[in-house]
Each structure stands twice: as structure tokens, then as C-alpha cells.
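Data from protein-v1.csv: CSV, C-alpha atoms
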chain,number,residue,atom,x,y,z
A,10,MET,CA,-8.2,-17.0,20.4
A,11,ASN,CA,-5.2,-14.7,20.3
A,12,TYR,CA,-3.6,-12.7,17.5
A,13,LYS,CA,0.0,-11.5,16.8
A,14,SER,CA,0.5,-8.0,15.6
A,15,ILE,CA,3.9,-6.7,14.5
A,16,LEU,CA,4.4,-3.0,14.8
A,17,PRO,CA,7.2,-0.4,14.4
A,18,ARG,CA,9.2,0.2,17.6
A,19,ILE,CA,8.6,4.0,17.1
A,20,LEU,CA,5.5,5.5,15.5
A,21,GLN,CA,5.5,9.3,15.4
A,22,THR,CA,2.6,11.2,13.8
A,23,GLY,CA,1.6,14.8,13.1
A,24,ALA,CA,3.0,18.0,11.6
A,25,GLY,CA,6.8,18.1,11.6
A,26,ALA,CA,7.2,14.5,12.6
A,27,SER,CA,9.8,14.0,9.8
A,28,GLN,CA,12.0,16.7,11.4
A,29,GLN,CA,12.6,14.4,14.4
A,30,ILE,CA,14.7,12.0,12.3
A,31,HIS,CA,17.9,12.7,14.1
A,32,GLN,CA,16.4,12.0,17.5
A,33,VAL,CA,14.9,8.7,16.2
A,34,LEU,CA,18.3,7.6,14.7
A,35,ALA,CA,19.9,8.3,18.1
A,36,SER,CA,17.3,6.4,20.0
A,37,LEU,CA,18.0,3.4,17.7
A,38,GLY,CA,21.7,3.6,18.1
A,39,CYS,CA,22.2,4.4,14.4
A,40,HIS,CA,24.8,6.9,13.1
A,41,LYS,CA,25.3,6.3,9.4
A,42,PRO,CA,22.0,6.2,7.4
A,43,LEU,CA,21.5,5.8,3.7
A,44,ILE,CA,18.5,7.8,2.4
A,45,ILE,CA,16.6,5.7,-0.1
A,46,THR,CA,14.2,7.7,-2.2
A,47,ASP,CA,13.3,8.5,-5.8
A,48,ARG,CA,14.3,11.3,-8.1
A,49,MET,CA,11.1,13.2,-7.6
A,50,MET,CA,11.7,13.5,-3.9
A,51,VAL,CA,15.2,14.9,-4.7
A,52,GLU,CA,13.8,17.4,-7.3
A,53,LEU,CA,11.1,18.6,-4.8
A,54,GLY,CA,13.6,19.1,-2.1
A,55,TYR,CA,12.3,16.5,0.3
A,56,ALA,CA,15.5,14.5,0.4
A,57,GLY,CA,17.6,17.7,0.8
A,58,ARG,CA,15.4,18.7,3.7
A,59,ILE,CA,16.1,15.4,5.5
A,60,SER,CA,19.8,15.6,4.8
A,61,ALA,CA,19.9,19.2,6.2
A,62,VAL,CA,18.2,18.1,9.4
A,63,LEU,CA,20.8,15.4,9.8
A,64,ALA,CA,23.7,17.7,8.8
A,65,GLU,CA,22.7,20.1,11.7
A,66,GLN,CA,23.5,17.2,14.0
A,67,GLY,CA,26.7,16.2,12.4
A,68,ILE,CA,25.2,13.2,10.6
A,69,GLN,CA,25.9,12.6,6.9
A,70,GLY,CA,22.9,11.4,5.0
A,71,ASP,CA,23.9,10.0,1.7
A,72,VAL,CA,21.1,9.7,-0.9
A,73,PHE,CA,20.3,6.8,-3.2
A,74,SER,CA,17.5,8.1,-5.5
A,75,ASP,CA,17.4,5.5,-8.3
A,76,THR,CA,14.3,3.6,-7.1
A,77,VAL,CA,11.4,3.3,-9.6
A,78,PRO,CA,7.6,3.2,-9.4
A,79,GLU,CA,6.5,-0.4,-9.0
A,80,PRO,CA,10.0,-1.6,-8.0
A,81,THR,CA,11.5,-4.6,-9.9
A,82,VAL,CA,14.3,-7.1,-9.1
A,83,ALA,CA,16.7,-5.2,-11.4
A,84,SER,CA,15.8,-1.7,-10.0
A,85,ILE,CA,16.9,-2.6,-6.4
A,86,GLN,CA,20.3,-4.1,-7.3
A,87,ALA,CA,22.1,-0.8,-7.4
A,88,GLY,CA,20.6,0.1,-4.1
A,89,VAL,CA,21.8,-3.3,-2.6
A,90,ALA,CA,25.3,-2.6,-3.9
A,91,THR,CA,25.3,0.9,-2.5
A,92,ALA,CA,24.1,-0.2,0.9
A,93,ARG,CA,26.7,-3.0,1.0
A,94,GLU,CA,29.7,-0.9,-0.1
A,95,GLY,CA,29.0,2.2,2.0
A,96,GLY,CA,29.1,0.6,5.4
A,97,TYR,CA,25.7,2.1,6.4
A,98,ASP,CA,24.1,1.0,9.6
A,99,SER,CA,20.5,2.1,8.8
A,100,ILE,CA,18.2,3.1,6.0
A,101,ILE,CA,15.9,6.1,5.8
A,102,ALA,CA,13.1,5.2,3.4
A,103,LEU,CA,11.6,8.5,2.0
A,104,GLY,CA,8.7,8.6,-0.4
A,105,GLY,CA,5.6,6.7,-1.4
A,106,GLY,CA,5.1,3.0,-1.3
A,107,SER,CA,7.7,2.3,-4.1
A,108,PRO,CA,10.8,3.8,-2.3
A,109,ILE,CA,9.7,2.3,1.0
A,110,ASP,CA,9.1,-1.1,-0.6
A,111,SER,CA,12.4,-0.8,-2.3
A,112,ALA,CA,14.2,0.1,0.9
A,113,LYS,CA,12.7,-3.0,2.7
A,114,ALA,CA,14.0,-5.3,0.0
A,115,ILE,CA,17.4,-3.6,-0.1
A,116,GLY,CA,17.7,-3.8,3.7
A,117,ILE,CA,17.3,-7.6,3.6
A,118,LEU,CA,19.4,-8.3,0.5
A,119,ALA,CA,22.2,-6.0,1.6
A,120,LYS,CA,22.6,-7.9,4.9
A,121,PHE,CA,21.8,-11.5,3.9
A,122,GLY,CA,22.4,-11.7,0.2
A,123,GLY,CA,20.5,-14.0,-2.2
A,124,VAL,CA,17.9,-12.9,-4.7
A,125,MET,CA,14.4,-11.5,-4.1
A,126,ARG,CA,12.7,-14.7,-5.1
A,127,ASP,CA,14.3,-16.4,-2.2
A,128,TYR,CA,12.2,-14.3,0.1
A,129,LYS,CA,8.9,-14.6,-1.7
A,130,PHE,CA,5.7,-15.8,0.0
A,131,PRO,CA,5.0,-18.3,1.4
A,132,ARG,CA,8.3,-17.9,3.1
A,133,ASN,CA,8.0,-16.0,6.4
A,134,VAL,CA,11.0,-13.6,6.6
A,135,THR,CA,11.9,-13.2,10.2
A,136,GLU,CA,15.5,-12.1,9.7
A,137,MET,CA,16.1,-8.5,10.5
A,138,GLY,CA,17.9,-6.6,7.8
A,139,LEU,CA,19.3,-3.1,8.1
A,140,PRO,CA,17.1,-1.0,10.4
A,141,ILE,CA,14.6,1.1,8.4
A,142,ILE,CA,13.1,4.4,9.4
A,143,ALA,CA,10.2,5.1,7.0
A,144,ILE,CA,9.0,8.6,6.2
A,145,PRO,CA,6.0,8.3,3.9
A,146,THR,CA,5.2,11.2,1.5
A,147,THR,CA,1.9,9.8,0.3
A,148,ALA,CA,-1.3,8.9,2.2
A,149,GLY,CA,-2.1,5.5,0.8
A,150,THR,CA,0.2,2.5,0.9
A,151,GLY,CA,0.7,2.2,4.6
A,152,SER,CA,4.0,0.6,3.8
A,153,GLU,CA,5.6,2.5,6.7
A,154,VAL,CA,3.8,0.2,9.2
A,155,THR,CA,3.5,-3.1,7.3
A,156,ARG,CA,5.5,-6.4,7.2
A,157,PHE,CA,5.1,-6.6,3.4
A,158,THR,CA,7.0,-5.6,0.3
A,159,ILE,CA,6.1,-6.2,-3.3
A,160,ILE,CA,8.8,-6.5,-5.9
A,161,THR,CA,8.1,-7.3,-9.6
A,162,ASP,CA,10.1,-10.1,-11.3
A,163,GLU,CA,10.4,-8.5,-14.7
A,164,SER,CA,11.4,-11.9,-16.3
A,165,THR,CA,8.0,-13.3,-15.5
A,166,ASP,CA,5.9,-10.1,-15.0
A,167,GLU,CA,5.0,-11.4,-11.5
A,168,LYS,CA,4.5,-9.1,-8.6
A,169,MET,CA,6.2,-11.1,-5.8
A,170,LEU,CA,4.6,-10.6,-2.3
A,171,CYS,CA,7.2,-10.9,0.4
A,172,VAL,CA,6.0,-11.2,4.0
A,173,GLY,CA,7.5,-11.2,7.5
A,174,ALA,CA,8.7,-9.2,10.5
A,175,GLY,CA,12.0,-8.6,8.7
A,176,PHE,CA,10.2,-6.2,6.4
A,177,MET,CA,8.7,-4.1,9.2
A,178,PRO,CA,10.3,-0.7,9.6
A,179,LEU,CA,11.8,-0.1,13.0
A,180,ALA,CA,10.4,3.4,13.0
A,181,ALA,CA,7.8,5.4,11.1
A,182,LEU,CA,7.5,9.2,11.0
A,183,VAL,CA,4.1,10.1,9.6
A,184,ASP,CA,4.1,13.8,8.7
A,185,TYR,CA,1.0,14.9,6.8
A,186,GLU,CA,2.7,18.2,5.8
A,187,LEU,CA,4.7,16.1,3.3
A,188,THR,CA,1.5,15.4,1.4
A,189,LEU,CA,0.3,19.0,1.0
A,190,SER,CA,1.9,19.3,-2.4
A,191,LEU,CA,0.7,16.0,-3.9
A,192,PRO,CA,-1.1,16.4,-7.2
A,193,PRO,CA,-4.8,15.3,-7.5
A,194,ARG,CA,-4.1,12.1,-9.4
A,195,VAL,CA,-1.6,10.8,-6.9
A,196,THR,CA,-3.9,11.9,-4.0
A,197,ALA,CA,-6.8,9.9,-5.5
A,198,ASP,CA,-4.9,6.7,-6.3
A,199,THR,CA,-3.1,6.5,-3.0
A,200,GLY,CA,-6.2,7.5,-1.1
A,201,ILE,CA,-8.3,4.8,-2.7
A,202,ASP,CA,-5.5,2.3,-2.0
A,203,ALA,CA,-5.7,3.2,1.7
A,204,LEU,CA,-9.5,2.8,1.7
A,205,THR,CA,-9.1,-0.6,0.0
A,206,HIS,CA,-6.7,-1.6,2.7
A,207,ALA,CA,-9.1,-0.7,5.4
A,208,ILE,CA,-12.1,-2.5,3.8
A,209,GLU,CA,-10.2,-5.6,2.9
A,210,ALA,CA,-8.6,-5.9,6.4
A,211,TYR,CA,-12.1,-5.6,7.9
A,212,VAL,CA,-13.7,-8.3,5.7
A,213,SER,CA,-10.6,-10.6,5.6
A,214,LYS,CA,-10.9,-14.1,7.0
A,215,LYS,CA,-7.9,-13.2,9.1
A,216,ALA,CA,-9.6,-10.2,10.7
A,217,ASN,CA,-9.4,-9.8,14.5
A,218,LEU,CA,-10.4,-7.4,17.2
A,219,PHE,CA,-7.1,-5.4,16.8
A,220,SER,CA,-7.3,-5.1,13.0
A,221,ASP,CA,-11.1,-4.3,13.2
A,222,ALA,CA,-10.4,-1.4,15.4
A,223,GLN,CA,-7.8,0.1,13.1
A,224,ALA,CA,-9.8,-0.6,9.9
A,225,LEU,CA,-13.0,1.0,11.2
A,226,ALA,CA,-11.0,4.0,12.5
A,227,ALA,CA,-9.3,4.3,9.1
A,228,MET,CA,-12.6,4.3,7.2
A,229,ARG,CA,-14.0,6.9,9.5
A,230,LEU,CA,-11.1,9.2,8.7
A,231,ILE,CA,-10.7,8.5,5.0
A,232,GLY,CA,-14.4,8.2,3.9
A,233,PRO,CA,-15.4,11.8,4.6
A,234,ASN,CA,-12.1,13.4,3.6
A,235,LEU,CA,-10.9,11.6,0.4
A,236,ARG,CA,-12.9,13.9,-1.9
A,237,LYS,CA,-11.8,17.0,0.1
A,238,VAL,CA,-8.1,16.3,-0.4
A,239,TYR,CA,-8.6,15.5,-4.1
A,240,HIS,CA,-10.3,18.8,-4.7
A,241,ASP,CA,-8.3,20.9,-2.3
A,242,GLY,CA,-4.8,19.6,-1.5
A,243,SER,CA,-4.1,22.5,0.9
A,244,ASP,CA,-6.9,21.4,3.3
A,245,ARG,CA,-4.7,20.6,6.2
A,246,ALA,CA,-7.3,19.0,8.4
A,247,ALA,CA,-8.4,16.7,5.6
A,248,ARG,CA,-4.8,15.9,4.7
A,249,GLU,CA,-4.1,15.0,8.3
A,250,ALA,CA,-7.2,12.8,8.5
A,251,VAL,CA,-6.4,10.9,5.4
A,252,MET,CA,-2.7,10.5,6.3
A,253,LEU,CA,-3.5,9.0,9.7
A,254,GLY,CA,-6.3,6.9,8.1
A,255,SER,CA,-3.7,5.5,5.7
A,256,THR,CA,-1.4,4.5,8.5
A,257,LEU,CA,-4.2,2.9,10.5
A,258,ALA,CA,-5.3,1.0,7.4
A,259,GLY,CA,-1.7,-0.2,7.1
A,260,LEU,CA,-1.7,-1.4,10.7
A,261,ALA,CA,-5.0,-3.1,10.0
A,262,PHE,CA,-4.0,-5.1,6.9
A,263,SER,CA,-0.6,-5.9,8.3
A,264,ALA,CA,-2.5,-7.7,11.1
A,265,ALA,CA,-5.3,-9.2,9.0
A,266,SER,CA,-3.9,-9.3,5.4
A,267,VAL,CA,-5.5,-8.0,2.2
A,268,ALA,CA,-7.9,-10.0,0.1
A,269,LEU,CA,-9.2,-10.4,-3.5
A,270,VAL,CA,-8.8,-6.8,-4.7
A,271,HIS,CA,-5.1,-6.8,-4.0
A,272,GLY,CA,-4.7,-10.3,-5.3
A,273,MET,CA,-6.2,-9.3,-8.6
A,274,SER,CA,-4.6,-5.9,-8.7
A,275,ARG,CA,-1.0,-6.9,-8.6
A,276,PRO,CA,-1.0,-8.8,-11.9
A,277,ILE,CA,-2.6,-5.8,-13.7
A,278,GLY,CA,0.1,-3.6,-12.4
A,279,ALA,CA,2.9,-6.0,-13.3
A,280,ALA,CA,1.6,-6.7,-16.9
A,281,PHE,CA,0.3,-3.3,-17.8
A,282,HIS,CA,2.2,-0.9,-15.5
A,283,VAL,CA,-0.9,0.5,-13.9
A,284,PRO,CA,-0.1,2.3,-10.6
A,285,HIS,CA,-1.1,0.0,-7.7
A,286,GLY,CA,-3.7,2.3,-6.2
A,287,LEU,CA,-5.3,2.9,-9.6
A,288,SER,CA,-5.7,-0.8,-10.3
A,289,ASN,CA,-7.2,-1.3,-6.9
A,290,ALA,CA,-9.7,1.4,-7.6
A,291,MET,CA,-10.6,-0.2,-11.0
A,292,LEU,CA,-11.4,-3.5,-9.2
A,293,LEU,CA,-12.9,-2.3,-5.9
A,294,PRO,CA,-16.6,-1.9,-6.9
A,295,GLU,CA,-16.8,-5.2,-8.9
A,296,VAL,CA,-14.9,-7.3,-6.3
A,297,THR,CA,-17.0,-5.8,-3.5
A,298,ALA,CA,-20.2,-6.7,-5.3
A,299,PHE,CA,-18.9,-10.2,-5.8
A,300,SER,CA,-17.9,-10.6,-2.2
A,301,ILE,CA,-20.9,-9.1,-0.4
A,302,PRO,CA,-23.1,-12.2,-0.2
A,303,ALA,CA,-20.5,-13.9,2.0
A,304,ALA,CA,-20.0,-11.0,4.4
A,305,ARG,CA,-23.0,-8.7,4.1
A,306,ASP,CA,-22.9,-7.6,7.8
A,307,ARG,CA,-19.1,-6.7,7.5
A,308,TYR,CA,-19.6,-4.7,4.4
A,309,ALA,CA,-22.6,-2.9,6.0
A,310,ASP,CA,-20.3,-1.9,8.8
A,311,CYS,CA,-17.9,-0.5,6.3
A,312,ALA,CA,-20.7,1.7,4.8
A,313,ARG,CA,-21.6,3.0,8.2
A,314,ALA,CA,-18.0,3.7,9.2
A,315,MET,CA,-17.5,5.6,5.9
A,316,GLY,CA,-20.5,7.7,6.7
A,317,VAL,CA,-22.6,6.7,3.7
A,318,ALA,CA,-25.1,4.6,5.7
A,319,THR,CA,-26.5,5.1,9.2
A,320,GLN,CA,-27.3,2.7,12.1
A,321,SER,CA,-30.9,2.9,11.0
A,322,ASP,CA,-30.1,1.4,7.6
A,323,ASN,CA,-30.5,-2.4,7.5
A,324,ASP,CA,-27.6,-4.4,6.1
A,325,GLN,CA,-29.1,-4.7,2.6
A,326,SER,CA,-29.6,-1.0,2.3
A,327,ALA,CA,-26.2,-0.2,3.7
A,328,VAL,CA,-24.3,-2.5,1.3
A,329,GLN,CA,-26.1,-1.0,-1.6
A,330,LYS,CA,-25.1,2.5,-0.4
A,331,LEU,CA,-21.5,1.2,-0.1
A,332,LEU,CA,-21.6,0.0,-3.7
A,333,ASP,CA,-23.1,3.2,-4.9
A,334,GLU,CA,-20.4,5.2,-3.0
A,335,LEU,CA,-17.5,3.2,-4.5
A,336,VAL,CA,-18.8,3.8,-8.0
A,337,ALA,CA,-19.3,7.5,-7.2
A,338,ILE,CA,-15.8,7.9,-5.8
A,339,ASN,CA,-14.3,6.4,-8.9
A,340,ASP,CA,-16.4,8.7,-11.1
A,341,GLU,CA,-15.5,11.9,-9.1
A,342,LEU,CA,-11.8,11.0,-8.7
A,343,LYS,CA,-11.7,10.2,-12.5
A,344,VAL,CA,-10.6,6.6,-12.2
A,345,PRO,CA,-10.2,5.2,-15.7
A,346,THR,CA,-11.4,1.8,-17.0
A,347,PRO,CA,-8.6,-0.4,-18.3
A,348,ALA,CA,-9.5,0.7,-21.8
A,349,GLU,CA,-9.4,4.4,-20.9
A,350,PHE,CA,-6.0,3.8,-19.3
A,351,GLY,CA,-4.8,2.6,-22.6
A,352,ILE,CA,-4.5,-1.1,-22.0
A,353,ASP,CA,-4.7,-3.2,-25.2
A,354,ARG,CA,-8.0,-5.2,-25.1
A,355,GLU,CA,-6.6,-8.2,-26.9
A,356,LYS,CA,-3.6,-8.5,-24.7
A,357,PHE,CA,-5.7,-8.0,-21.5
A,358,PHE,CA,-8.1,-10.7,-22.5
A,359,GLU,CA,-5.3,-13.0,-23.5
A,360,LEU,CA,-3.6,-12.6,-20.1
A,361,MET,CA,-6.7,-12.9,-18.0
A,362,PRO,CA,-6.1,-16.7,-17.2
A,363,THR,CA,-2.4,-16.0,-16.3
A,364,MET,CA,-3.3,-13.0,-14.1
A,365,ALA,CA,-6.0,-15.1,-12.4
A,366,ALA,CA,-3.4,-17.9,-11.7
A,367,GLN,CA,-0.9,-15.3,-10.4
A,368,ALA,CA,-3.5,-13.7,-8.2
A,369,LEU,CA,-4.5,-17.1,-6.7
A,370,ALA,CA,-0.8,-18.0,-6.1
A,371,SER,CA,-0.3,-14.8,-4.1
A,372,GLY,CA,-2.5,-16.1,-1.3
A,373,SER,CA,-4.5,-12.9,-1.0
A,374,PRO,CA,-7.7,-14.2,-2.6
A,375,GLY,CA,-7.8,-17.0,0.0
A,376,ASN,CA,-8.4,-14.3,2.7
A,377,ASN,CA,-11.5,-13.0,0.9
A,378,PRO,CA,-14.9,-13.7,2.5
A,379,ARG,CA,-16.0,-15.3,-0.8
A,380,VAL,CA,-13.0,-17.2,-2.3
A,381,PRO,CA,-13.2,-17.3,-6.0
A,382,THR,CA,-12.1,-20.0,-8.5
A,383,GLU,CA,-9.7,-19.0,-11.2
A,384,ALA,CA,-12.6,-19.1,-13.6
A,385,GLU,CA,-14.5,-16.6,-11.5
A,386,MET,CA,-11.5,-14.3,-11.3
A,387,VAL,CA,-11.3,-14.4,-15.1
A,388,GLU,CA,-14.9,-13.3,-15.3
A,389,LEU,CA,-14.2,-10.5,-12.8
A,390,TYR,CA,-11.3,-9.3,-15.0
A,391,ARG,CA,-13.6,-9.5,-18.0
A,392,SER,CA,-16.3,-7.4,-16.2
A,393,LEU,CA,-13.8,-4.5,-15.8
A,394,TRP,CA,-13.8,-3.9,-19.5

Represent the supplied structure as C-alpha cells.
Amino acid sequence: MNYKSILPRILQTGAGASQQIHQVLASLGCHKPLIITDRMMVELGYAGRISAVLAEQGIQGDVFSDTVPEPTVASIQAGVATAREGGYDSIIALGGGSPIDSAKAIGILAKFGGVMRDYKFPRNVTEMGLPIIAIPTTAGTGSEVTRFTIITDESTDEKMLCVGAGFMPLAALVDYELTLSLPPRVTADTGIDALTHAIEAYVSKKANLFSDAQALAAMRLIGPNLRKVYHDGSDRAAREAVMLGSTLAGLAFSAASVALVHGMSRPIGAAFHVPHGLSNAMLLPEVTAFSIPAARDRYADCARAMGVATQSDNDQSAVQKLLDELVAINDELKVPTPAEFGIDREKFFELMPTMAAQALASGSPGNNPRVPTEAEMVELYRSLW
């Protein structure tokens, strides 16, 4: 058996990695980048810092900052127009998962045209759009090293999963210093997202030796440090560990795909505007409990990698410790239930069959060790309340 893994051409990690942007552009033969980010990155000075590094080398870095959280078809159109009209030869994607996902979509549409639905899974997008250099500012999505982007079709409230080598950034500069100022809520949501990536990649039916190595390494880094960065964002060692863990988890799920948590999470985000990492966190304990009977040994490995079980624990003991840990993480990191988040109960229950159908159509539940029916997914949604 052999497996194909698609990786960035350049992966630079560590303190100050983002300051090497001009060297990376030169190595890729790019001279006129468009910086795609969000308004918060502009307000915090991150975009200006990148522009200043480029200006020192005589490179003009224009900024497009109108991306939005949980990007939609409409939200990326202005970016597509800007990228087309400006004659840019590359994109610098700066921010969390939403600006990077937006940049991936813009890079493809600006070069090839069409609409986002044209590129939706199950299509495998192999066309290479404008070269993307990703600079993540959160430790969670792993989007800087994945061949996926997720764009919501606001006309149907569907989160469209788009897959293929065409969405893989050409370079990723992973600089944990950019996460030092993240607030606790963002730190928690993105950190649990990264942990979910690692767990789902490891238990996925598409798991392989390469993805296993990245997933286990990610859990070893994230498990002991997630609480630390939540309570003390200035802990540089813990921030570096979680940031690298997030990137490794991204490599893992890019090679092995995600599974049921992500499949069920996307419709919650689309219908009720719940941040992606937060909806993952809501689902992770329940979905893990549902899935364990089909992959007890794999989930036991996860518990050991996270440091909540030891080699002396048998698999049954280890998976119980894993479930206890996932609940404890949600409690300590103040993950709300759907009701506590403010979701209307009647609408949530009314949309459960639609969300289950959308989750199944995304393909992700089919990677789960225990593949649910739509009816079982409805019951899992119900159990969240």
C-alpha cells in the first residue's frame, strides 16, 4: 500500500518565521503579492508589519482586508475582483483559518473564473491558482498546510468543502510569536480545533503511516499545553508547542481527512454562525463516545499520546480517560452548549435532519471508524442539547 501526501514547497517554523516573507517570495519568483487578511489583522498591526518587511526590499504589498469569519461566496467576490484587476502574481494569506481559506478560494477563482460551487467536493481541484504564501496567526485550523478550503453558500446555508492540490499553499511561514496576543476564547476554540484534527486524522479510515506520525506528534504537543496557553497566553514554550502541533495536525488531516466531528460541525456553523473550532468542541465528546466501539485501540492511542493515559492502562481504561479529558477540557475552557451559545432550540431541532443530510453529503462522516446513518446523526445533534 502506498499513500500520497501533498505538502507546501516551503515550510518555515519558529520565532520570526513571518519576517522571512521577502526571501520566500524571491525563491518562488514572485514580485507583486496581494496581502489577503481581515480588518483585525490590520488594526493589530500585523498586516502593516508584513508590508513594512516587504517595503524594505522594495516590494509593494497591497492589502485586501475585507475577508470575514466563516467566509461566504459573497464575501470572496471583492477579493477575486481585486486580485484580477491588480495584476498580482501571488497572494500572502495572513490570519486565522478564515483569511487563509478565503485566499485559497480567491487564488483559484481569480485565475480560472467560475463560481465556488464549481469547485465543490467531490471535484478534485488540481489546477494551480495564484501562488499562496500562508502566514497563520492562530494555532488551530492548520489551513496553511492543507489542500482544503471551506466556503459557505449563503443561499443554502451549506458549508461547501473544496478539496485538491490547487488549494495547497506553496509556502507556509509558521511563527508562534504571532499567537502571543490571542485572547483566551480564540486560543481555546482554535486549540480544540487542532486537537480534533489530530484525533480525527488518527482514527480516520484513510489514516496511514505518514498521517499517524503527524497526528500522534500533534497530540503530544497540544494535549499537555492547551490549558497552559488558555490560562497564560504569554507562555512562549506552550505557544510554540501548540502552534507546531496545529501545523502537524494540519499535515495529518490533509493526508488522512477528517471525520464525523467535522462533518457534523460545518452545518452548525453555517446555520447558526458558531465559530468552527467551537462547534467542533461541542461535538467532540459525544462523537468520540459514539465512535469508540469501532476503533477502541486507536482512541486509546490518542489518550496515551495526549498524556492522560499510560502504557500500563488497558484500552478500555484509556478510552474512558480520553472521554473524561475531553469533557474536562470543554469545562475548563468554557465551551458552551448550543443553548448557552444562544441557539434557538426550536430552530435547532427543526434543522437537525437538514444538518445531518448536509453532513453526510460532505463525505467526512464516511471516514469515521463508525459510519452513522442520518438518523444516528440526528440523535447525536439532539444529545448536544

Practice item. Write out as a ChimeraX atom specification each polymer residue whose atoms come within 6 Å of segment 73-82 of chain A, counting only C-alpha atoms; drop sequence neighbours fewer than 3 positions from it. Key: /A:44-48,85,107-108,160-162

Exercise for review: Name the residues in contact with Phe262 of chain A at a cut-off of 12 Å, using all atoms listed in the file, excluding same-chain residues fewer than 6 positions from it; report them as a PyMOL selection string.
Suggested key: chain A and resi 14-16+150-152+154-157+202-217+219-225+227+255-256+268+271+373+376

Keeping only C-alpha atoms, write the selected residues to a file as a PDB file, in the frame of the given file.
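Saved the output as part-v9.pdb:
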ATOM      1  CA  SER A  14       0.500  -8.000  15.600  1.00  0.00           C
ATOM      2  CA  ILE A  15       3.900  -6.700  14.500  1.00  0.00           C
ATOM      3  CA  LEU A  16       4.400  -3.000  14.800  1.00  0.00           C
ATOM      4  CA  THR A 150       0.200   2.500   0.900  1.00  0.00           C
ATOM      5  CA  GLY A 151       0.700   2.200   4.600  1.00  0.00           C
ATOM      6  CA  SER A 152       4.000   0.600   3.800  1.00  0.00           C
ATOM      7  CA  VAL A 154       3.800   0.200   9.200  1.00  0.00           C
ATOM      8  CA  THR A 155       3.500  -3.100   7.300  1.00  0.00           C
ATOM      9  CA  ARG A 156       5.500  -6.400   7.200  1.00  0.00           C
ATOM     10  CA  PHE A 157       5.100  -6.600   3.400  1.00  0.00           C
ATOM     11  CA  ASP A 202      -5.500   2.300  -2.000  1.00  0.00           C
ATOM     12  CA  ALA A 203      -5.700   3.200   1.700  1.00  0.00           C
ATOM     13  CA  LEU A 204      -9.500   2.800   1.700  1.00  0.00           C
ATOM     14  CA  THR A 205      -9.100  -0.600   0.000  1.00  0.00           C
ATOM     15  CA  HIS A 206      -6.700  -1.600   2.700  1.00  0.00           C
ATOM     16  CA  ALA A 207      -9.100  -0.700   5.400  1.00  0.00           C
ATOM     17  CA  ILE A 208     -12.100  -2.500   3.800  1.00  0.00           C
ATOM     18  CA  GLU A 209     -10.200  -5.600   2.900  1.00  0.00           C
ATOM     19  CA  ALA A 210      -8.600  -5.900   6.400  1.00  0.00           C
ATOM     20  CA  TYR A 211     -12.100  -5.600   7.900  1.00  0.00           C
ATOM     21  CA  VAL A 212     -13.700  -8.300   5.700  1.00  0.00           C
ATOM     22  CA  SER A 213     -10.600 -10.600   5.600  1.00  0.00           C
ATOM     23  CA  LYS A 214     -10.900 -14.100   7.000  1.00  0.00           C
ATOM     24  CA  LYS A 215      -7.900 -13.200   9.100  1.00  0.00           C
ATOM     25  CA  ALA A 216      -9.600 -10.200  10.700  1.00  0.00           C
ATOM     26  CA  ASN A 217      -9.400  -9.800  14.500  1.00  0.00           C
ATOM     27  CA  PHE A 219      -7.100  -5.400  16.800  1.00  0.00           C
ATOM     28  CA  SER A 220      -7.300  -5.100  13.000  1.00  0.00           C
ATOM     29  CA  ASP A 221     -11.100  -4.300  13.200  1.00  0.00           C
ATOM     30  CA  ALA A 222     -10.400  -1.400  15.400  1.00  0.00           C
ATOM     31  CA  GLN A 223      -7.800   0.100  13.100  1.00  0.00           C
ATOM     32  CA  ALA A 224      -9.800  -0.600   9.900  1.00  0.00           C
ATOM     33  CA  LEU A 225     -13.000   1.000  11.200  1.00  0.00           C
ATOM     34  CA  ALA A 227      -9.300   4.300   9.100  1.00  0.00           C
ATOM     35  CA  SER A 255      -3.700   5.500   5.700  1.00  0.00           C
ATOM     36  CA  THR A 256      -1.400   4.500   8.500  1.00  0.00           C
ATOM     37  CA  ALA A 268      -7.900 -10.000   0.100  1.00  0.00           C
ATOM     38  CA  HIS A 271      -5.100  -6.800  -4.000  1.00  0.00           C
ATOM     39  CA  SER A 373      -4.500 -12.900  -1.000  1.00  0.00           C
ATOM     40  CA  ASN A 376      -8.400 -14.300   2.700  1.00  0.00           C
TER      41      ASN A 376
END

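Ranking A:Val51, A:Ile201, A:Lys356, A:Ala261 by their shortest atom-to-atom distance to Val336 of chain A, with only C-alpha atoms included, puts A:Ile201 first.
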
**Study point:** Among the residues A:Ala180, A:Gly57, A:Gln86, A:Ala24, the one that comes closest to Ile100 of chain A [using all atoms listed in the file]
**Key:**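 Distance minimum relative to Ile100 of chain A lands on A:Ala180.
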
Leu269 of chain A surroundings by only C-alpha atoms, 8 Å radius, close-in-sequence under 3 positions cut, as a PDB file with C-alpha atoms, in the frame of the given file:
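Listing of selection16.pdb after writing:
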ATOM      1  CA  GLY A 272      -4.700 -10.300  -5.300  1.00  0.00           C
ATOM      2  CA  MET A 273      -6.200  -9.300  -8.600  1.00  0.00           C
ATOM      3  CA  VAL A 296     -14.900  -7.300  -6.300  1.00  0.00           C
ATOM      4  CA  SER A 373      -4.500 -12.900  -1.000  1.00  0.00           C
ATOM      5  CA  PRO A 374      -7.700 -14.200  -2.600  1.00  0.00           C
ATOM      6  CA  GLY A 375      -7.800 -17.000   0.000  1.00  0.00           C
ATOM      7  CA  ASN A 376      -8.400 -14.300   2.700  1.00  0.00           C
ATOM      8  CA  ASN A 377     -11.500 -13.000   0.900  1.00  0.00           C
ATOM      9  CA  VAL A 380     -13.000 -17.200  -2.300  1.00  0.00           C
TER      10      VAL A 380
END
